[in-house]
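Structure first, then comments.
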Amino acid sequence: MALRDLLAPQARRTTFVAAAILGAGLAATFAIREFSERLIAADMQRRFAVDAVDISNAISERLRTHAEVLVSMQGLYASIGRVDRAQFRRYIDVLDLGRRYPGFQALQSLRHVTPDHLDAFIAEVRADKSIEHSGQPDFAVRPPGPRSIYNVVEFVEPMRGNENALGFDAGANPAQLDSLRRSAETGRIVATPPVKLVQDTSGGLGFIIRAPIYRAGEPTQTVSQRNAALHGFVASVYRTNDLMRGILDPRTLQQMHIQVVDRGYAKPTQEGVMIGEPEDATVTPTLMYDSLEPNLGLVTQMVMSAGISADRSLVVGERVWRVLFTTNPGSIYEVSHTVPNVVLASGTAISLLMMLLAVITMRSRRLSGNLSTLDAEQRALVDNPLAGILFTAGHRILRGNRRIAELCGRSSAALLGNTIDELVATKEDGEAFDAALDRIRDSAMATEVELHLRRSDGSTLLVDAYGKPLATGDILWVIQDKTDALAVEAERRAHAHAMEEANERLTTSLQLAEIRAKEIVLLTELSGVLQSCQSREEIFAAVQTYAGYLFTEEAGALYYLNKARNAVQRGAHWGALQADAVSFPVDDCWALRRGTTFPISEASQGLVCNHAGPCGATGTGFICQPLIAQNNLLGLLYREHTSVFGEGADQLATMLAEQVSLAMANLELRELLRQQAVRDPLTDLHNRRYLEDALVRETTRSQQDGKPLALAMLDIDHFKGINDSHGHEAGDAVLRGLGRILRETTRASDIIGRFGGEEFLMLMPGVTVEVAAQRAQQVLDAVHRMQVTLPTAMLDGVTLSIGLAVMPVHVAEGDDLLAAADAALYEAKREGRNRVVVSHRRTKADTAA
């Protein structure tokens, strides 16, 4: 009975310990399973969020590219003023948007028309025969009805599939009217809310991005000035499904459910920058795209998934889009429960094994508790090859195992009968051993001490000695060699040092990455500025401003090719240049000669461009990068560095050179288009369009400042006979000869041009009747002396008839000046040709005088 009472507490303790181990193991297993499931879910959420960010960035990039197209179309109108249908189509064809920037429905040009100019506008569009010989006789404004203002679609490309949009008044749609007003008043690109497109009969939703067009030369600093100068808009039209289909691949649509919600106009900051928050939080969001719906008109509400989801806010034409991403059933983003279930099963099995091991261990301890102290001593002596074991009575050594003999460099028999004093290396070690003996005797507790043992070869060994008193009064010492521990500690310190160095390198790499990211942001910002530049000087000013931030440790300059293409001129520079050349010949630069970056290798660094001679003398490094666009050399990007150019800086410079080349090429294209719009190709004089605008401008100026304005109208006598007798090539030669004579005999301030056929105009500001008649006679005489060389003959004796009128002598109003000169011209014809006839008209003020 007594034995049962003795064993009962031990059994209860074993049961309690086993239950505790099992409970702790199961709790840890469930915690690890939950943690692994959350970890997997978090990783899936992160991957899903990254893919969502990539898709959002693709949408933003596609719309930003289309917005740049609208900016270039603004540049077209700003450069040539009036655009006809053929010019608009040619410009769109050159851009090749259907291949390069797909996803849009159409590009449009809208005219801003007041009610009193509506009929004239309709007549102008119908009479536009630049593409079709019959013009557009069926053009009409839709929907019909009076309105305070009209914003009518004048041009649309491509025409196929968008015929219903031509003539549509966008302002008649209330959903579009507010976007038109915002764009006109701010001068920025503005998007409409989701609308039904007039050219789309499927019932789906779309939207339109518009940019305002202002009349060239008029001020646009304030809202009232911009409204007064408004000419119209250029627009890019989208079916939302078509736009998203061009961005999203079928694999993405299988994995994700994507919705796009329009939340209204964005809230601007004090600096005018749009942020991703709606201007009016009470506006009801509008669902404008759903990847699961082929026809958005059938969708009535937004559906959010309870699984993995993400959302992004975009600012598109000053409107806030919220892009919602959720997972589709069976997608790759679904969380797998296989690993957590394996963890649960494995943890449960391990917990059971640990409980069983604990029970066996406790029972084994109870059984081994009956072994004698001698058996324990013998087991320690024989079975412990790692630690030295020593039994002492005071300082006298009783016995030891093989390991302590190896540590001391002696045999086990040689240790018997010796004292600790013979093993320790110094007097201080003996004193430390005595102090440890005193602590053991005073407290009857184990203690430890660090000693230096003297080996038989005279060397010393650092050890840790752990002493424990035995029931017999002797002391058991467990002695551990510290050599391995010291080596491990040294290795740990070396590893820690290596980790610190790796962290420093990683920190440096992160800092460089941040610098590169900031540089890319600045370069992107500069790219947008360059695309908006209207002149070469603006490009140089923009580059000079940004280059100091992009190349902080460098100096450099930007050069452009002169008209003769034999030298370059400096347009911008930054930093302290060693080779400070304002201009130099093309042959002085290896890069301009070869059409590629120089130096190209370490070997070529020994060659120095002639214009960079000072760099060779001072040891400063330099790099020349030619500016090339469409295989056309435009200039040079020159950089200097006192040490070594970085790879990141070289990549940044290459991107900068590409952006500057593209901006300069765009300027040349705009100038070419402008020249083609206002020049007569045969005579290289101004054409009729330019002359009509100049006549309005100069007559208005004459009325304002009171200075006279002379107008001479010239007509080649018997020009039809020249064509009939000598052929049209002879007629063209006569016209070119007359154009050359007009350029040689007129002032720089005079305006000359071909008015049509064989008729020419001379506008002479500030010239009296007498001076104007004298100049007209000089032209008449020069033409009469002109000789035109033909393939088979020499043509001479060409004569002119010239009619002359001066404002305000002959007419008071600018609208009558051309009619007066034309009447004088016909009088010269009637009087026998080859003469100058001054108008006989007189104003009331001149008659009274």
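Quick note on naming: the chains in the structure tokens go A, B, ... in the order shown, residues restart at 1 in each chain, and ligands are numbered from 1 in order of appearance.
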
Taking the DSSP secondary structure from the backbone, can you list the residues of region 639-808 of chain A that are strand (DSSP E or B), as a ChimeraX atom specification?
/A:639-641,679,686,709-716,751-756,759-765,787-789,794-796,800-807

Region 573-578 of chain A environment, 7 Å, only C-alpha atoms, sequence neighbours closer than 3 positions dropped, as a PDB file with C-alpha atoms, in the first residue's frame:
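So the final result, stored in selection12.pdb, reads:
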```
ATOM      1  CA  GLN A 544      20.301  73.555 -69.752  1.00  0.00           C
ATOM      2  CA  ALA A 547      21.073  68.917 -67.129  1.00  0.00           C
ATOM      3  CA  GLY A 548      22.446  70.426 -63.914  1.00  0.00           C
ATOM      4  CA  GLU A 554      29.680  66.620 -64.981  1.00  0.00           C
ATOM      5  CA  ALA A 555      29.942  69.575 -67.328  1.00  0.00           C
ATOM      6  CA  GLY A 556      28.570  69.521 -70.840  1.00  0.00           C
ATOM      7  CA  ALA A 557      27.082  71.311 -73.802  1.00  0.00           C
ATOM      8  CA  LEU A 558      24.493  70.803 -76.529  1.00  0.00           C
ATOM      9  CA  PRO A 614      41.962  71.237 -73.454  1.00  0.00           C
ATOM     10  CA  CYS A 615      40.578  67.998 -71.957  1.00  0.00           C
TER      11      CYS A 615
END
```

Could you give me, as an MDAnalysis selection string, the residues within 12 Å of region 528-531 of chain A, counting only C-alpha atoms and dropping anything in the same chain fewer than 6 positions from it?
chainID A and resid 64:65 67:75 521:522 537:546 656:667 670

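Comparing the minimum interatomic distances between Phe30 (chain A) and each of A:Arg210, A:Asn341, A:Gly648, A:Leu453, counting only C-alpha atoms, we find that A:Asn341 sits nearest.
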
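Restricting the calculation to only C-alpha atoms, the smallest distance between Leu673 (chain A) and any of A:Lys267, A:Arg493, A:Arg90, A:Arg85 is found for A:Arg90.
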
Please provide as a ChimeraX atom specification all residues within 8 Å of region 597-606 of chain A, with the sequence filter that same-chain residues fewer than 2 positions apart are discarded (counting only C-alpha atoms).
/A:590-591,595,608,623-626

Write the residues you've just listed into a file as a compact mmCIF listing (two decimals), in the first residue's frame, and include C-alpha atoms for each of them.
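Wrote result26.txt, looks like this:
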```
# COMPACT_ATOMS: atom_id res chain seq x y z
CA TRP A 590 35.26 61.95 -84.27
CA ALA A 591 31.65 61.28 -83.22
CA GLY A 595 27.90 59.04 -86.62
CA VAL A 608 41.18 63.36 -78.64
CA ILE A 623 32.29 61.77 -74.38
CA CYS A 624 30.72 62.97 -77.65
CA GLN A 625 27.27 61.60 -78.61
CA PRO A 626 25.78 62.63 -81.99
```

Shell of 12 Å around Ser443 (chain A), only C-alpha atoms, local chain residues under 6 positions omitted, as a list in words:
Ala436, Leu437, Lys468 and Pro469 of chain A

With only C-alpha atoms as the counted atoms, please give the residues lying no more than 9 Å from Leu386 (chain A), apart from itself and same-chain residues fewer than 2 positions off, as a list of chain:residue names.
A:Asn384, A:Gly388, A:Arg403, A:Gln480, A:Asp481

Of A:Arg111, A:His686, A:His611, A:Arg399, the one sitting nearest Ser411 (chain A) when using only C-alpha atoms is A:Arg399

Find the residues near region 796-801 of chain A: any atom within 10 Å, counting only C-alpha atoms, skip ones fewer than 5 places away on the same chain, and give them as an MDAnalysis selection string.
chainID A and resid 713:719 722 734 738 758:759 776:777 779:789 824:837

In terms of only C-alpha atoms, the residue from A:Ile751, A:Ala211, A:Ile40, A:Leu390 at minimal distance from Pro340 (chain A) is A:Ile40

Could you go through region 133-379 of chain A and tell me which residues DSSP, when run on the backbone, assigns to alpha helix (DSSP H), listing them as a VMD selection string?
chain A and resid 174 to 186 223 to 229 240 to 247 250 to 255 338 to 368 373 to 379

In Å to one decimal, how far is CA of Ile32 (chain A) from CA of Ala20 (chain A)?
18.0 Å
